Amino acid sequence: MLKKNRTKEPGGELRNQFGATLKELAETDDRIMILDADLGGASFFLRFKESHPDRFIDTGICEANMFGVAAGLSLRGYTPFVHTMSAFVTRRALDQLYISCAYQKNTINIFGSDPGFCSGFDGGSHSCFEDLAVMRTIPGAIVCDPCDQVQLDWMVRECASRRDGAIHYIRAYRKNVREVYEPGTVFGIGKGQVLVPGSDVLLIGSGYLMSDALDAAESLKEKGISVEVVDPVTVKPFDEELIRREAQGKKLVVTYENHSVINGIGSAVADVLARHGAGVPLLKIGVNDVFGQVGTVDLLKIEFKLTSNDAVNAILAALSK
């Protein structure tokens, strides 16, 4: 359920929510183990180490080895939660993630922090515009892009409850985001949500940019354009039926994501529209085949033309054609 009286002020930090949820779950589930790649100070996990020192492993800056350790823990019946930056999950440790974890059918829960331009001052080497593209191709994977604390809390609990022999990937900014959902909102794997109904444009947002998607819809409403905003909730499995149904009768379908326009949510939607012959134009708003840069998150959002104003202008231009 969309949060009532949504303000421009940010809510709490996502890393704190991630860690607090795991700490709560660990009180009643002694199978939960935390692995971190020398980033405990940048996450909640040093505090988890204080309360559960025997269930925290810092592997150092050895991400590939960390996934091997996680695979071993899964084989022994534990529920491993692994954290490193999204760039290192999907580039540096991909072979171990694919073979030791996914191929061997080990259940591994992954927090890939600071995806897309959220890497900020860590720069181009830490920017990750391709993680959805990589993770979507791994058989059986569950891929999530939460937009606020409420959704993240649910995703962590859902992943912790599963022993399905699959990898569960949650990508999220570590710091403050604006609240989107009311506390207690119920979600489902592979089940998207309509946040705002509309008749002219279908706008599919996710993750860090969902709040901007809602702002863009409000701005376009003032211009007489009715925009429906949809959250896919999980990028994989993807709610194809929802997209197919809500695209009917629209003038334009738009995807808006903190990811490359290549093989992200835009491509998932394109597959649906092509498969079902929807005949509706698709506009993909995302990062356009470039590397990352150094800067504040707000500055990088401007640099990559991903502000809500950029989205409004792109949608208006597409509609004018």
# chains A, B, ... in the order shown; residues from 1 in each chain; ligands from 1
$ closest_atom_pairs --of "stretch 285-314 of chain A" --to "stretch 250-260 of chain A" --cutoff "7 Å" --atoms "only C-alpha atoms" --output "tab-separated table"
residue	atom	partner	partner_atom	distance
A:Ile285	CA	A:Tyr256	CA	4.8
A:Gly286	CA	A:Glu257	CA	5.2
A:Val287	CA	A:Ser260	CA	4.4
A:Asn288	CA	A:Ser260	CA	6.0
A:Asp289	CA	A:Ser260	CA	6.4
$ residues_around --residues "A:Asp212" --least-positions-apart "4" --cutoff "8 Å" --atoms "only C-alpha atoms" --output "NGL selection string"
:A and (216 or 307-308)
$ write_last_selection --atoms "N, CA and C atoms" --output "PDB file, in the first residue's frame"
ATOM      1  N   ALA A 216       7.548  12.017 -10.687  1.00  0.00           N
ATOM      2  CA  ALA A 216       7.329  12.272 -12.118  1.00  0.00           C
ATOM      3  C   ALA A 216       5.855  12.116 -12.470  1.00  0.00           C
ATOM      4  N   THR A 307      16.981  12.167 -12.987  1.00  0.00           N
ATOM      5  CA  THR A 307      16.120  12.863 -12.037  1.00  0.00           C
ATOM      6  C   THR A 307      14.665  12.724 -12.474  1.00  0.00           C
ATOM      7  N   SER A 308      13.740  13.063 -11.573  1.00  0.00           N
ATOM      8  CA  SER A 308      12.321  13.006 -11.934  1.00  0.00           C
ATOM      9  C   SER A 308      12.010  13.988 -13.062  1.00  0.00           C
TER      10      SER A 308
END
$ atom_distance --atom1 "atom CA of A:Ser211" --atom2 "atom CA of A:Val177"
8.4 Å
$ closest_residue --among "A:Gln151, A:Gln293, A:Asn109, A:Thr28" --to "A:Ser125" --atoms "only C-alpha atoms"
A:Gln293
$ select_by_dssp --residues "stretch 11-99 of chain A" --states "strand (DSSP E)" --output "list in words"
Gly11, Gly12, Glu13, Ile32, Met33, Ile34, Leu35, Asp36, Phe56, Ile57, Asp58, Thr79, Pro80, Phe81, Val82, His83, Thr84 and Met85 of chain A
$ atom_distance --atom1 "atom CA of A:Phe88" --atom2 "atom CA of A:His126"
7.8 Å
$ closest_residue --among "A:Arg136, A:Arg91, A:Arg76, A:Arg163" --to "A:Ile108" --atoms "only C-alpha atoms"
A:Arg163
$ select_by_dssp --residues "stretch 165-262 of chain A" --states "alpha helix (DSSP H)" --output "list in words"
Met210, Ser211, Asp212, Ala213, Leu214, Asp215, Ala216, Ala217, Glu218, Ser219, Leu220, Lys221, Glu222, Glu240, Glu241, Leu242, Ile243, Arg244, Arg245, Glu246 and Ala247 of chain A
$ write_last_selection --atoms "C-alpha atoms" --output "PDB file, in the first residue's frame"
ATOM      1  CA  MET A 210      10.799   4.566  -7.276  1.00  0.00           C
ATOM      2  CA  SER A 211      10.285   7.760  -5.269  1.00  0.00           C
ATOM      3  CA  ASP A 212      11.348   9.770  -8.336  1.00  0.00           C
ATOM      4  CA  ALA A 213       8.911   7.772 -10.461  1.00  0.00           C
ATOM      5  CA  LEU A 214       6.087   8.830  -8.140  1.00  0.00           C
ATOM      6  CA  ASP A 215       7.250  12.458  -8.321  1.00  0.00           C
ATOM      7  CA  ALA A 216       7.329  12.272 -12.118  1.00  0.00           C
ATOM      8  CA  ALA A 217       3.784  10.890 -12.173  1.00  0.00           C
ATOM      9  CA  GLU A 218       2.592  13.788 -10.008  1.00  0.00           C
ATOM     10  CA  SER A 219       4.282  16.328 -12.280  1.00  0.00           C
ATOM     11  CA  LEU A 220       2.748  14.795 -15.395  1.00  0.00           C
ATOM     12  CA  LYS A 221      -0.676  14.732 -13.752  1.00  0.00           C
ATOM     13  CA  GLU A 222      -0.423  18.505 -13.396  1.00  0.00           C
ATOM     14  CA  GLU A 240       4.504 -10.636 -16.703  1.00  0.00           C
ATOM     15  CA  GLU A 241       0.742 -10.909 -16.325  1.00  0.00           C
ATOM     16  CA  LEU A 242       0.536  -7.571 -14.489  1.00  0.00           C
ATOM     17  CA  ILE A 243       2.622  -5.790 -17.134  1.00  0.00           C
ATOM     18  CA  ARG A 244       0.681  -7.353 -19.999  1.00  0.00           C
ATOM     19  CA  ARG A 245      -2.648  -6.398 -18.439  1.00  0.00           C
ATOM     20  CA  GLU A 246      -1.750  -2.850 -17.407  1.00  0.00           C
ATOM     21  CA  ALA A 247      -0.079  -2.030 -20.748  1.00  0.00           C
TER      22      ALA A 247
END
$ residues_around --residues "A:Ile99" --least-positions-apart "5" --cutoff "12 Å" --atoms "only C-alpha atoms" --output "list in words"
Ala64, Phe67, Gly68, Ala71, Ala93, Leu94, Gln104, Lys105, Asn106, Ile138, Pro139, Ala166 and Ile167 of chain A
$ atom_distance --atom1 "atom CA of A:Glu24" --atom2 "atom CA of A:Glu182"
20.4 Å
$ residues_around --residues "A:Lys191" --least-positions-apart "6" --cutoff "7 Å" --atoms "only C-alpha atoms" --output "list in words"
Pro232, Val233 and Asp239 of chain A
$ write_last_selection --atoms "all heavy atoms" --output "tab-separated table (two decimals), in the first residue's frame"
chain	number	residue	atom	x	y	z
A	232	PRO	N	7.39	-3.65	-9.84
A	232	PRO	CA	7.40	-5.10	-10.10
A	232	PRO	C	7.68	-5.93	-8.85
A	232	PRO	O	7.47	-7.14	-8.86
A	232	PRO	CB	8.50	-5.27	-11.14
A	232	PRO	CG	9.38	-4.09	-10.95
A	232	PRO	CD	8.49	-2.97	-10.51
A	233	VAL	N	8.17	-5.30	-7.79
A	233	VAL	CA	8.53	-5.93	-6.50
A	233	VAL	C	9.74	-6.83	-6.66
A	233	VAL	O	10.77	-6.61	-6.03
A	233	VAL	CB	7.34	-6.67	-5.85
A	233	VAL	CG1	7.79	-7.34	-4.53
A	233	VAL	CG2	6.19	-5.71	-5.58
A	239	ASP	N	6.56	-10.23	-12.84
A	239	ASP	CA	5.11	-10.34	-12.96
A	239	ASP	C	4.67	-9.96	-14.38
A	239	ASP	O	4.19	-8.86	-14.64
A	239	ASP	CB	4.43	-9.46	-11.93
A	239	ASP	CG	2.94	-9.78	-11.77
A	239	ASP	OD1	2.38	-10.44	-12.66
A	239	ASP	OD2	2.35	-9.35	-10.76
